[in-house]
Each structure stands twice: as structure tokens, then as C-alpha cells.
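J.: One structure coming up, written as C-alpha cells, with questions to follow.
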Amino acid sequence: MKLLTETWSRITPQSISYEAMTGIIAVYFGLVLNFPIIRKIYQLSTEGHVLFSLTPAILLSGCFMVIFSIFAFRFVYKPAMIVLILSSSAAMYAMLQYNVILDYSMIENIFETNSGEAISYLSINSVGYVLVFGILPSVWVYRTNIANQASLSKALFRRVGFVVLGLAVIGVMVLFFYKDYASVGRNNQYLNKMIIPAHIYNTAKYINQRFFSEKLTFNPIGQDAQLVPVANGKPTLMVLVVGETARAQNMAYNGYQRNTNPYTENLGIIALQDVSSCGTATAHSLPCMFSNLTRNDYSRKAADAQNNVLDVIKAAGVEVTWFDNDGGDKAVGARINKIDISPSENNPLCDGLSCYDEILIEKLTQKLQQDTQASAASGKGLANQFIALHTIGSHGPTYWQRYPADKASFTPACSRSDIENCSDQEIINVYDNTIAYTDFVLAQTIKVLEQYQDKYNVALVYLSDHGESLGESGMYLHGTPYSIAPSQQTHVPWLMWLPQDYTQAKGVDRECLVEHAQTASYSHDNLFHSLLGLYGVNTSVRDAALDMTSRCKLN
């Protein structure tokens with residue numbers, strides 16, 4: 001203990017100026033905490049430009065010398081620097097280990113992550129990174145005494161001189177390497193999003209837009225919605241299973257060599273082959289896919305200010321229910337009957353942090369039994385129903401916690417949250433187990449629906465919100481900016497179970513849907529309009545060009 005105290009005293013100066021402290025922190029950010037972007041620029045540098053690849057640390061240090069000088073005032077400086085260092089150490093870990101970029105959409109996803117999901121990212125590695133690169137430097141900043149200048153004029157002179165020095169460093173780098181930076185920046189515009197601590201700006205932007213900016217006037221679209229009468233007179237029961245982090249590449253239905261769909265393979269599933277997501281993270285994709293806004297026109301602010309497809313279906317007189325097992329609906333179910341499943345409830349399918357998706361089947365079964373009993377007791381007919389099941393699906397990095405042990409089809413499987421320390425095959429195995437388990441959940445859901453075919457026209461639709469990277473090109477998880485996101489994060493599975501009597505009742509040619517599923521390209525843009533077409537809802541907000549049933553009508 002005495003040795004530790006003496007060592008700390010030696011590395012902690014008795015007194016240091018604001019300029020010296022700022023210079024040290026600026027170099028620390030430029031050389032250490034921004035190692036991810038330094039490495040990326042080095043990888044992008046062409047042969048013969050080795051000298052240029054060594055300059056980003058110098059340029060960034062100069063920039064931070066100027067920027068951090070803004071905070072160099074008593075009562076502000078140390079708290080600001082400590083917050084920057086701590087959050088930046090976590091950002092560096094995320095970028096180095098998972099190759100993610102903390103742009104606005106990723107910050108949005110982080111803020112809207114539930115506690116159970118957040119805990120899943122904790123590991124010895126992540127804690128170690130924050131300790132070494134965040135906590136220890138922060139303690140040094142906190143313990144170091146910053147000397148005040150004897151006079152204001154002298155302090156101002158030193159501050160101006162320090163800023164001029166920072167600008168000079170920037171000027172020299174720009175003077176000699178402007179063409180190199182212009183070339184790399186022009187061809188890789190995402191690089192500016194990799195600078196740490198740009199996440200602070202995106203965090204402030206998110207907080208401002210979410211809590212302080214003026215909301216748009218709500219537009220209740222689709223109030224003219226009406227159900228199309230069905231010939232057999234039965235009410236409709238459609239279940240929409242909202243997938244989580246499932247990528248089409250690992251679905252047997254989409255050409256994957258492994259049979260990850262063993263439970264539904266003989267149930268007549270229609271699998272769309274080419275489907276792209278609206279975003280690469282739940283906070284973006286979920287409200288987008290349920291809105292009538294296209295990916296190019298989408299904004300969360302606009303989506304929240306109007307009805308989504310669930311509201312439109314409800315306006316047609318349908319009972320709409322949302323069961324959530326993924327920690328949040330992102331306001332999609334704000335105006336319908338929404339039931340959040342608590343992972344702490346007394347159920348063997350839950351462990352206090354999350355629940356297996358089989359619990360959704362339990363909730364669905366209970367609801368349908370109660371509705372049937374209530375209908376029999378009251379003498380009233382069964383209502384038209386639309387039920388959404390929001391699954392936790394394949395959400396990482398704790399993939400092994402998404403399925404029971406007896407549903408592990410592929411081994412050995414990665415069973416740790418710091419997945420970068422697992423082999424590629426172990427990661428693929430554990431992920432494929434989540435896909436196969438989702439297939440089991442779909443099969444069991446269909447089995448429940450089949451029990452009610454005599455009472456309802458029943459159907460099931462499954463669509464994932466986004467995909468996942470499993471180490472391809474060094475990338476893991478999801479949330480990469482869409483412009484540079486790999487197909488593994490944007491190519492998603494869309495499955496439909498539509499019995500022949502259902503499509504006949506709705507006036508849709510099932511074989512036509514099967515044919516187009518193999519040849520046509522779809523996206524989340526189609527969901528709003530296709531759900532209306534598949535359920536049989538007429539409304540002025542349905543765009544026939546985006547409704548997959550429009551080209552497959554029987555009459």
C-alpha cells in the first residue's frame with residue numbers, strides 16, 4: 001500500500017497549469033483514445049503514404065488543444081474532462097472490439113436500451129478498458145492540482161498562446177497533408193463520426209431533439225380505414241412476430257447451408273428472398289417499419305407525430321394488442337393495448353434479466369383462451385384481432401441467453417458477452433442457435449393458431465427489424481451507419497404463413513405471392529401497406545405500389 005501511494009505521488013505533480021494539463025489530455029485523446037480512427041486511416045492509406053498515416057494523432061492533438069481550452073476554467077474544467085475521459089474510454093472499447101460507430105442513430109439506440117440489455121455488454125474486458133483508459137486517468141485529473149495565474153492578463157496571454165500553438169499544429173498538418181486528408185475524407189465520409197468524443201455532440205443532439213425540441217402536430221392518418229368483408233364470415237386473427245437482430249443470410253429459407261428452420265420447414269412458409277431494413281438498430285428500424293414513411297423520408301420526429309399501421313388497423317375496428325419481450329416498443333404501441341413482459345416475473349422462462357421468447361406463446365395462448373371464454377359467456381361473436389409479438393430473438397452479444405440449453409442445435413457455442421474472444425465458428429454456432437430457436441417459436445405460434453382455424457381466418461407474418469455482423473470485416477453486432485453498413489445488417493428475413501383458406505377469404509392469390517417472394521425486391525417500406533392488404537383494410541393511406549398483395553388480387 002505504501003509503495004502504491006509513493007508511486008502515485010511521483011506521477012501526480014504538486015501543481016500544474018491549465019495549459020500543461022490541457023496539453024497532456026489533448027495528446028492522450030489524440031494518440032490513445034482515438035486509436036480506432038488512427039488505425040482506420042492507416043489501413044486506408046495507400047502504399048507510399050506511410051508518413052501521412054502517422055499524422056492523425058498530431059492533427060487531433062492540435063484540435064483538442066484548441067477545443068479543450070474552452071473548458072479551462074475553475075469549477076468547469078475537471079468535471080468536463082473527467083466526463084469526456086470516462087465516456088471516451090467506453091467509446092474506444094466499443095469501436096475497437098465491435099467496430100461500431102457512435103453516430104446519432106447509435107446514440108439513439110443506446111439511450112433507448114433497457115437495463116437488461118445494457119448489462120449484457122459488461123465483461124471483464126469492457127470493465128478493464130474503462131478502468132485503465134478511463135477511471136485511472138480521471139483519478140489523475142481529479143487529484144492533480146491546477147495552479148491559478150497571479151494575474152488575469154498573464155493567464156489570458158498564456159491561454160491565447162496555447163490556442164495559437166494548437167492552431168499552428170493544425171496549420172502545419174493541413175499545409176503538408178491537405179490533399180491526403182481531402183482524398184481520404186472524400187472517399188470515406190464516415191471517418192468524422194469515428195472521432196472520439198464526437199459521441200458527446202450526438203448525445204447532446206439526441207437529448208435536444210427528444211426532450212427539448214418542439215413536437216410536430218399529431219396527424220391521425222387512416223381514420224377512413226374499413227375492413228373488407230370476407231366471404232366465409234369468420235373474423236380475422238393475424239399474428240405479426242417482430243424479429244430482433246435476425247439476418248437473412250443465416251436463414252435456411254434464404255439459401256443458408258445449415259438447416260436453421262427445421263421446425264417450420266414443412267408448414268408451407270412463404271419466404272421473401274430480398275428484403276432490406278430501414279435501419280441497422282431497433283430504435284431506428286422499429287418505428288420506421290411500422291410507419292408509412294419510406295427509409296429515405298423517415299425521421300423519428302415525423303413518425304411519432306402520426307398514426308402507424310397498428311393505429312390504422314385499429315381504426316378499422318380491429319382489436320390490436322402488442323406483447324413486448326424486447327424491452328420496449330419505441331412508442332409503436334403508444335395508442336393500442338400494450339403488454340410489457342417483465343423479466344422478473346415468476347416464470348421458469350425468465351431469469352431476471354430477460355425471458356425466452358416462448359413466453360410470448362404463453363401470453364398469446366392465454367389471451368385467445370380468455371377471449372373465447374368471454375365470447376361464449378356473453379353470447380357475442382369473436383372480434384377481429386391483430387396481435388404483435390415483439391421478440392428478443394437474436395439480440396447479442398449474449399446470444400446464448402436467447403434460447404434454452406435443450407434448443408442448442410449447433411456446438412460449440414460462444415457463451416460469453418465479450419464475443420471477440422470466441423472463435424468465429426463459436427460465434428456463428430451460438431447465433432444460428434438463436435435463429436433455430438426463433439423458428440421453434442414460430443412453429444409453436446402457428447400450432448396455436450391452427451387450433452383456432454375453425455373460429456378465425458388465421459395468418460402469421462414474421463419480419464426482423466435489422467440484421468447483425470458476426471465478425472465479417474472485423475465488424476460485430478449492429479448499428480453501423482446505413483451508408484456503409486454491410487448486407488449482414490440490412491438484409492433481413494420476411495416470412496409468412498398464409499393458409500389457402502385465409503388467402504381465399506381475403507381475395508389474394510397465394511401462388512402469386514409465392515412467385516413474387518422469390519423474384520421481387522422488398523423492404524421495410526412495404527410493411528405498412530402490405531399488412532393492410534393482407535389483413536383486408538381499405539384506406540386512402542394504403543399505397544398500392546407498396547402493397548405486395550396488389551399484384552396478386554383474385555378479382
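Identifiers for the C-alpha cells are assigned positionally: chains receive A, B, ... in sequence, residues are indexed from 1 per chain, and ligands are indexed from 1 in the order shown.
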Range 150-163 of chain A: which residues within 10 Å, counting only C-alpha atoms, same-chain residues fewer than 5 positions away excluded, as an MDAnalysis selection string?
T.: chainID A and resid 17:20 22:23 62:70 72 168:169
J.: List every residue of range 306-506 of chain A that DSSP, applied to the backbone of this structure, places in strand (DSSP E or B), and write the result as a PyMOL selection string.
T.: chain A and resi 306+319-324+337-340+350+355+385-390+457-464+469-470+476-477+491+494-497
J.: Store the residues of this selection in a file with N, CA, C and O atoms, as a compact mmCIF listing (two decimals), in the first residue's frame.
T.:
```txt
# COMPACT_ATOMS: atom_id res chain seq x y z
N GLN A 306 -47.61 10.86 -36.15
CA GLN A 306 -48.73 10.37 -36.95
C GLN A 306 -49.04 8.92 -36.60
O GLN A 306 -48.24 8.25 -35.95
N GLU A 319 -59.32 -5.27 -32.88
CA GLU A 319 -58.67 -5.24 -31.57
C GLU A 319 -57.18 -5.51 -31.77
O GLU A 319 -56.80 -6.59 -32.23
N VAL A 320 -56.34 -4.53 -31.43
CA VAL A 320 -54.90 -4.63 -31.68
C VAL A 320 -54.16 -4.71 -30.34
O VAL A 320 -54.37 -3.89 -29.45
N THR A 321 -53.30 -5.72 -30.22
CA THR A 321 -52.56 -5.95 -28.99
C THR A 321 -51.08 -6.15 -29.29
O THR A 321 -50.72 -6.80 -30.28
N TRP A 322 -50.24 -5.59 -28.43
CA TRP A 322 -48.78 -5.71 -28.59
C TRP A 322 -48.21 -6.34 -27.32
O TRP A 322 -48.36 -5.82 -26.22
N PHE A 323 -47.55 -7.50 -27.48
CA PHE A 323 -46.81 -8.13 -26.39
C PHE A 323 -45.33 -7.89 -26.61
O PHE A 323 -44.80 -8.21 -27.68
N ASP A 324 -44.65 -7.33 -25.61
CA ASP A 324 -43.25 -6.95 -25.79
C ASP A 324 -42.31 -7.75 -24.90
O ASP A 324 -42.42 -7.71 -23.68
N ASN A 337 -53.45 -1.51 -27.16
CA ASN A 337 -53.29 -2.30 -25.95
C ASN A 337 -51.90 -2.93 -25.93
O ASN A 337 -51.59 -3.78 -26.76
N LYS A 338 -51.05 -2.51 -25.00
CA LYS A 338 -49.66 -2.95 -24.98
C LYS A 338 -49.35 -3.62 -23.64
O LYS A 338 -49.63 -3.07 -22.58
N ILE A 339 -48.77 -4.81 -23.71
CA ILE A 339 -48.38 -5.56 -22.51
C ILE A 339 -46.88 -5.80 -22.54
O ILE A 339 -46.36 -6.50 -23.42
N ASP A 340 -46.17 -5.20 -21.59
CA ASP A 340 -44.72 -5.42 -21.46
C ASP A 340 -44.48 -6.62 -20.57
O ASP A 340 -45.01 -6.70 -19.46
N CYS A 350 -37.94 -17.03 -17.52
CA CYS A 350 -37.27 -15.76 -17.26
C CYS A 350 -36.18 -15.95 -16.21
O CYS A 350 -36.29 -16.79 -15.33
N CYS A 355 -36.32 -12.88 -20.84
CA CYS A 355 -37.15 -14.07 -20.93
C CYS A 355 -36.97 -14.71 -22.30
O CYS A 355 -36.77 -14.01 -23.30
N GLN A 385 -58.94 -9.62 -34.71
CA GLN A 385 -57.77 -9.36 -33.88
C GLN A 385 -56.48 -9.27 -34.69
O GLN A 385 -56.30 -9.99 -35.68
N PHE A 386 -55.62 -8.38 -34.23
CA PHE A 386 -54.26 -8.28 -34.76
C PHE A 386 -53.35 -8.25 -33.54
O PHE A 386 -53.46 -7.36 -32.69
N ILE A 387 -52.46 -9.25 -33.44
CA ILE A 387 -51.60 -9.38 -32.27
C ILE A 387 -50.14 -9.35 -32.71
O ILE A 387 -49.72 -10.15 -33.56
N ALA A 388 -49.38 -8.43 -32.14
CA ALA A 388 -47.95 -8.33 -32.43
C ALA A 388 -47.15 -8.91 -31.28
O ALA A 388 -47.41 -8.61 -30.11
N LEU A 389 -46.18 -9.76 -31.60
CA LEU A 389 -45.29 -10.35 -30.61
C LEU A 389 -43.87 -9.84 -30.87
O LEU A 389 -43.24 -10.20 -31.88
N HIS A 390 -43.39 -8.97 -30.01
CA HIS A 390 -42.06 -8.39 -30.18
C HIS A 390 -41.04 -9.26 -29.47
O HIS A 390 -40.96 -9.29 -28.25
N ASN A 457 -60.15 -16.63 -39.42
CA ASN A 457 -59.23 -16.70 -40.54
C ASN A 457 -57.86 -16.35 -39.96
O ASN A 457 -57.62 -15.20 -39.54
N VAL A 458 -56.96 -17.32 -39.90
CA VAL A 458 -55.70 -17.13 -39.17
C VAL A 458 -54.51 -17.02 -40.12
O VAL A 458 -54.46 -17.65 -41.18
N ALA A 459 -53.54 -16.19 -39.72
CA ALA A 459 -52.32 -15.99 -40.51
C ALA A 459 -51.21 -15.50 -39.60
O ALA A 459 -51.46 -14.97 -38.50
N LEU A 460 -49.98 -15.68 -40.05
CA LEU A 460 -48.81 -15.21 -39.31
C LEU A 460 -47.82 -14.56 -40.26
O LEU A 460 -47.57 -15.07 -41.36
N VAL A 461 -47.25 -13.45 -39.82
CA VAL A 461 -46.20 -12.75 -40.57
C VAL A 461 -45.02 -12.55 -39.63
O VAL A 461 -45.19 -12.21 -38.45
N TYR A 462 -43.82 -12.80 -40.13
CA TYR A 462 -42.59 -12.58 -39.36
C TYR A 462 -41.66 -11.68 -40.15
O TYR A 462 -41.42 -11.90 -41.34
N LEU A 463 -41.13 -10.65 -39.48
CA LEU A 463 -40.19 -9.75 -40.14
C LEU A 463 -39.22 -9.20 -39.09
O LEU A 463 -39.65 -8.74 -38.03
N SER A 464 -37.92 -9.25 -39.38
CA SER A 464 -36.92 -8.76 -38.44
C SER A 464 -36.67 -7.27 -38.64
O SER A 464 -36.84 -6.73 -39.74
N SER A 469 -23.81 -8.26 -37.60
CA SER A 469 -22.48 -8.64 -38.07
C SER A 469 -21.88 -9.62 -37.08
O SER A 469 -21.98 -9.42 -35.87
N LEU A 470 -21.26 -10.66 -37.60
CA LEU A 470 -20.69 -11.70 -36.75
C LEU A 470 -19.19 -11.84 -36.97
O LEU A 470 -18.64 -12.93 -36.91
N TYR A 476 -18.82 -6.46 -35.59
CA TYR A 476 -19.70 -7.25 -34.74
C TYR A 476 -20.95 -6.45 -34.41
O TYR A 476 -20.97 -5.22 -34.53
N LEU A 477 -21.99 -7.17 -34.00
CA LEU A 477 -23.26 -6.56 -33.57
C LEU A 477 -23.90 -5.77 -34.72
O LEU A 477 -23.89 -6.22 -35.86
N HIS A 491 -29.90 -6.90 -44.71
CA HIS A 491 -30.68 -7.93 -45.42
C HIS A 491 -31.38 -8.78 -44.37
O HIS A 491 -30.73 -9.53 -43.62
N TRP A 494 -38.11 -12.14 -44.05
CA TRP A 494 -39.55 -11.84 -44.00
C TRP A 494 -40.26 -13.13 -44.37
O TRP A 494 -40.17 -13.61 -45.50
N LEU A 495 -40.96 -13.72 -43.41
CA LEU A 495 -41.65 -14.99 -43.60
C LEU A 495 -43.15 -14.79 -43.40
O LEU A 495 -43.58 -13.95 -42.61
N MET A 496 -43.93 -15.59 -44.12
CA MET A 496 -45.39 -15.52 -43.98
C MET A 496 -45.99 -16.92 -43.98
O MET A 496 -45.62 -17.76 -44.80
N TRP A 497 -46.89 -17.16 -43.05
CA TRP A 497 -47.68 -18.38 -43.03
C TRP A 497 -49.11 -17.97 -43.35
O TRP A 497 -49.81 -17.37 -42.55
```
J.: Tell me, which residues of range 333-490 of chain A carry DSSP helix (DSSP H, G or I), written as an NGL selection string?
T.: :A and (358-378 or 399-402 or 405-407 or 419-421 or 424-450 or 472-474 or 487-490)
J.: Do you know which residues are at most 12 Å from Gly474 in chain A counting only C-alpha atoms, after dropping those on the same chain fewer than 6 positions away, and could you put them as a PyMOL selection string?
T.: chain A and resi 40+95-100+419-420+424+486
J.: Excluding range 103-106 of chain A and any residue of its chain fewer than 5 positions from it, enumerate the residues within 8 Å of it, using only C-alpha atoms, and give them as a list in words.
T.: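 Neighbouring residues, sequence-local ones excluded: Lys193, Ala198, His199, Asn202, Thr203, Lys205, Tyr206, Ala281, Ala283, His284, Gly479, Thr480 and Pro481 of chain A.
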J.: Pull the closest atom pair for each residue of range 217-303 of chain A that gets at most 9 Å from range 428-448 of chain A, along with the distance in Å to one decimal, counting only C-alpha atoms, ordering rows by chain and then ascending residue number, as CSV.
T.:
```
residue,atom,partner,partner_atom,distance
A:Val239,CA,A:Thr445,CA,8.5
A:Val241,CA,A:Leu442,CA,7.9
A:Gly243,CA,A:Thr438,CA,8.3
A:Ala246,CA,A:Ile435,CA,7.0
A:Arg247,CA,A:Ile435,CA,8.8
A:Asn250,CA,A:Asp432,CA,6.8
A:Met251,CA,A:Ile435,CA,7.3
A:Arg258,CA,A:Asp432,CA,8.6
A:Asn259,CA,A:Ala436,CA,8.1
A:Thr260,CA,A:Ala436,CA,4.7
A:Asn261,CA,A:Asp439,CA,5.5
A:Pro262,CA,A:Ala436,CA,7.2
A:Tyr263,CA,A:Phe440,CA,5.4
A:Thr264,CA,A:Ala443,CA,5.4
A:Leu267,CA,A:Ala443,CA,8.0
```
J.: Could you take the residues named above and write them with N, CA, C and O atoms, as a short mmCIF file (atom, residue, chain, number, x, y, z; two decimals), in the first residue's frame?
T.:
```cif
data_model
loop_
_atom_site.label_atom_id
_atom_site.label_comp_id
_atom_site.auth_asym_id
_atom_site.auth_seq_id
_atom_site.Cartn_x
_atom_site.Cartn_y
_atom_site.Cartn_z
N VAL A 239 -51.27 -12.75 -36.51
CA VAL A 239 -50.17 -12.54 -35.57
C VAL A 239 -48.96 -12.05 -36.36
O VAL A 239 -48.54 -12.68 -37.33
N VAL A 241 -45.10 -11.42 -35.85
CA VAL A 241 -43.94 -11.65 -34.99
C VAL A 241 -42.83 -10.71 -35.46
O VAL A 241 -42.35 -10.81 -36.59
N GLY A 243 -39.25 -9.76 -35.47
CA GLY A 243 -37.95 -10.36 -35.18
C GLY A 243 -36.95 -9.35 -34.68
O GLY A 243 -37.10 -8.14 -34.91
N ALA A 246 -32.26 -10.58 -36.54
CA ALA A 246 -32.14 -11.77 -37.41
C ALA A 246 -31.70 -11.32 -38.80
O ALA A 246 -32.27 -10.40 -39.37
N ARG A 247 -30.69 -11.99 -39.32
CA ARG A 247 -30.23 -11.66 -40.66
C ARG A 247 -30.61 -12.77 -41.62
O ARG A 247 -30.55 -13.95 -41.28
N ASN A 250 -28.47 -16.12 -42.56
CA ASN A 250 -28.41 -17.33 -41.75
C ASN A 250 -29.74 -18.06 -41.66
O ASN A 250 -29.92 -18.91 -40.79
N MET A 251 -30.64 -17.78 -42.58
CA MET A 251 -31.91 -18.48 -42.65
C MET A 251 -31.85 -19.53 -43.74
O MET A 251 -31.49 -19.23 -44.89
N ARG A 258 -26.91 -24.46 -43.59
CA ARG A 258 -27.39 -25.14 -42.39
C ARG A 258 -28.92 -25.07 -42.32
O ARG A 258 -29.52 -24.08 -42.74
N ASN A 259 -29.51 -26.09 -41.74
CA ASN A 259 -30.96 -26.08 -41.58
C ASN A 259 -31.31 -25.37 -40.27
O ASN A 259 -31.49 -25.98 -39.23
N THR A 260 -31.41 -24.06 -40.36
CA THR A 260 -31.77 -23.26 -39.19
C THR A 260 -33.28 -23.06 -39.09
O THR A 260 -33.75 -22.34 -38.20
N ASN A 261 -34.03 -23.68 -39.99
CA ASN A 261 -35.51 -23.59 -39.94
C ASN A 261 -36.14 -24.99 -39.91
O ASN A 261 -37.04 -25.29 -40.69
N PRO A 262 -35.68 -25.85 -39.01
CA PRO A 262 -36.17 -27.23 -39.01
C PRO A 262 -37.61 -27.38 -38.52
O PRO A 262 -38.28 -28.35 -38.87
N TYR A 263 -38.07 -26.43 -37.72
CA TYR A 263 -39.39 -26.58 -37.10
C TYR A 263 -40.53 -26.13 -38.01
O TYR A 263 -41.65 -26.62 -37.88
N THR A 264 -40.25 -25.22 -38.92
CA THR A 264 -41.31 -24.72 -39.80
C THR A 264 -41.16 -25.19 -41.24
O THR A 264 -41.97 -24.81 -42.10
N LEU A 267 -44.30 -26.43 -43.01
CA LEU A 267 -45.54 -25.74 -42.68
C LEU A 267 -46.02 -24.79 -43.78
O LEU A 267 -46.96 -24.03 -43.58
#
```
J.: Select, from A:Leu33, A:Val76, A:Met173, A:Leu237, the residue with the minimum atom-to-atom distance to Leu51 in chain A, counting only C-alpha atoms.
T.: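 Once distances to Leu51 in chain A are computed over only C-alpha atoms, the minimum belongs to A:Met173.
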J.: Residues near range 287-303 of chain A, anyone? I mean within 6 Å using only C-alpha atoms, not counting same-chain ones fewer than 3 positions away, as number ranges by chain.
T.: A: 278, 306, 308-309, 332, 524-525, 528
J.: Calculate how many Å separate CA of Lys234 in chain A from CA of Ile221 in chain A, rounding to one decimal.
T.: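 Separation between CA of Lys234 in chain A and CA of Ile221 in chain A: 27.3 Å.
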J.: Need to verify the contact set: Pro137 in chain A, 9 Å, only C-alpha atoms, exclusion of same-chain residues closer than 6 positions in sequence. Can you return it as a PyMOL selection string?
T.: chain A and resi 82+85-86+131
J.: Take CA of Ala517 in chain A and CA of Ala271 in chain A and report the distance between them in Å, one decimal.
T.: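 Computed distance, CA of Ala517 in chain A to CA of Ala271 in chain A, equals 6.3 Å.
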J.: As an exercise, work out the distance from CA of Gly507 in chain A to CA of Lys553 in chain A in Å and give it to one decimal place.
T.: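 These two atoms are separated by 5.9 Å.
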J.: Under the rule that only C-alpha atoms are counted, which of A:Asn145, A:Gln249, A:Asn347, A:Thr411 is the nearest residue to Tyr77 in chain A?
T.: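 Between A:Asn145, A:Gln249, A:Asn347, A:Thr411, the residue approaching Tyr77 in chain A most closely is A:Asn145.
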J.: Would you mind telling me which residue in A:Tyr256, A:Ile135, A:Ala305, A:Thr55 lies nearest to Lys215 in chain A when using only C-alpha atoms?
T.: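 Distance minimum relative to Lys215 in chain A lands on A:Ala305.
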J.: Nearest to Asn526 in chain A: which of A:Ile427, A:Val228, A:Leu546, A:Leu122 is it, counting only C-alpha atoms?
T.: A:Leu546
J.: Residues near Asp357 in chain A, anyone? I mean within 8 Å using only C-alpha atoms, not counting same-chain ones fewer than 3 positions away, as a ChimeraX atom specification.
T.: /A:325,360-361,391-393,402,438,441
